[in-house]
2 protein chains.
Amino acid sequence: MDAALRRSRRAGLRNTAARRAILDELARAVGDQGHLTATRLHHALLARGLTVELSTVHRVLAQLVELGIAHTVPVGRTVTFGLADDAHHHAVCAGCGDIRQLPAAAVAASVAAARAAGIEADPSGHPTGVVVYGRCRRCRTTTH
Amino acid sequence: MDAALRRSRRAGLRNTAARRAILDELARAVGDQGHLTATRLHHALLARGLTVELSTVHRVLAQLVELGIAHTVPVGRTVTFGLADDAHHHAVCAGCGDIRQLPAAAVAASVAAARAAGIEADPSGHPTGVVVYGRCRRCRTTTH
DNA sequence: ATGCTGTTGCCACTATCTTGCAACACTAGG
DNA sequence: CCTAGTGTTGCAAGATAGTGGCAACAGCAT
């Protein structure tokens, strides 16, 4: 997380309280599910007594994604954010939104196929990656 | 498309003008890009002189997805819909939203990895599938 | 200490999707 | 062909998420 701050500094971003708070929150989320929506992250900050505007959260997250420090995973009709610590990809339960990680090696063939189709999924840092949408066991058994 | 109608009928859905119009519009889109947002589909209907409420479009699309007749691909912060005619998957340009198709075989390893992680990506019909997010050539060259 | 410039808060606003409800229209059955 | 039953729709209000302008503020290099 500190590395992320240095990296953003190098890119010309300033070390502000808001940015620190957001990076810290993303780092905490790793323990949980690994990903947060902007709104949820905002709530988490407020719950910790940190006053940051929601619009600021959006702006900072956009910057972090742009730099490749954070990455996004679309879930339903929102977007979740996570630290782009590794070259991992994601499997998402379309029912509950749960996100699991997939090793890069496992998705190599998909990335290659996308490249063949003209979509480059690895220009380091941009909002890219492989997402497998499916259902976790619980969501497969309960409710239809 | 007619098959889709029969299939929806079998599921207990009625053959209404709105449903026909929406299925037809989805079928037309295949020629273009293959996918539409709910709003765009709505506009297209209006342009053709068909009066269908936007809320109806959403409701019908949700039913079609539920039945596996249509499938969804999250793009940015919206969702696009397409006919689930084949077992194909998708590559999306995060820049312009362009969608290309990927053969099922190419993503098999990703699906297997997701399954190993507890996410089943193939319970026939549900909003599932593999999406590779990346950048098309044009979006890679113009503006960073 | 100071100035330049990135950053934030505030707030109004847009876009997208959802929901309740009453009227309507498919379908099957008679 | 008519009718009852239930799925569907239009309408309108509202919820949710994200955006953009602008003035005040705050890093950071000098």
# chains A, B, ... in the order shown; residues from 1 in each chain; ligands from 1
$ interface_residues --of "chain A" --to "chain C" --cutoff "9 Å" --atoms "only C-alpha atoms (C1' of nucleotides)" --output "PyMOL selection string"
chain A and resi 12-14+16+18+52-53+55-56
$ write_last_selection --atoms "C-alpha atoms" --output "short mmCIF file (atom, residue, chain, number, x, y, z; two decimals), in the first residue's frame"
data_model
loop_
_atom_site.label_atom_id
_atom_site.label_comp_id
_atom_site.auth_asym_id
_atom_site.auth_seq_id
_atom_site.Cartn_x
_atom_site.Cartn_y
_atom_site.Cartn_z
CA GLY A 12 2.64 13.29 -10.21
CA LEU A 13 -0.23 12.63 -7.85
CA ARG A 14 0.03 14.25 -4.45
CA THR A 16 -3.24 13.74 0.22
CA ALA A 18 -8.09 11.39 0.74
CA VAL A 52 -14.11 12.19 2.12
CA GLU A 53 -16.63 13.19 -0.50
CA SER A 55 -17.13 12.41 -5.80
CA THR A 56 -13.57 12.46 -4.54
#
$ select_by_dssp --residues "region 7-88 of chain A" --states "alpha helix (DSSP H)" --output "ChimeraX atom specification"
/A:7-10,17-31,38-47,54-67
$ atom_distance --atom1 "CA of Ala44 (chain A)" --atom2 "CA of Pro74 (chain A)"
19.9 Å
$ closest_residue --among "A:Thr51, A:Ser110, A:Ser8, A:Thr37" --to "chain B" --atoms "only C-alpha atoms"
A:Ser110
$ atom_distance --atom1 "CA of Gly95 (chain B)" --atom2 "CA of Val73 (chain A)"
14.8 Å
$ select_by_dssp --residues "region 11-143 of chain B" --states "strand (DSSP E or B)" --output "JSON, numbers by chain"
{"B": [36, 37, 70, 71, 72, 73, 74, 75, 78, 79, 80, 81, 82, 83, 89, 90, 91, 92, 93, 99, 100, 101, 102, 119, 120, 129, 130, 131, 132, 133, 134, 135, 136]}
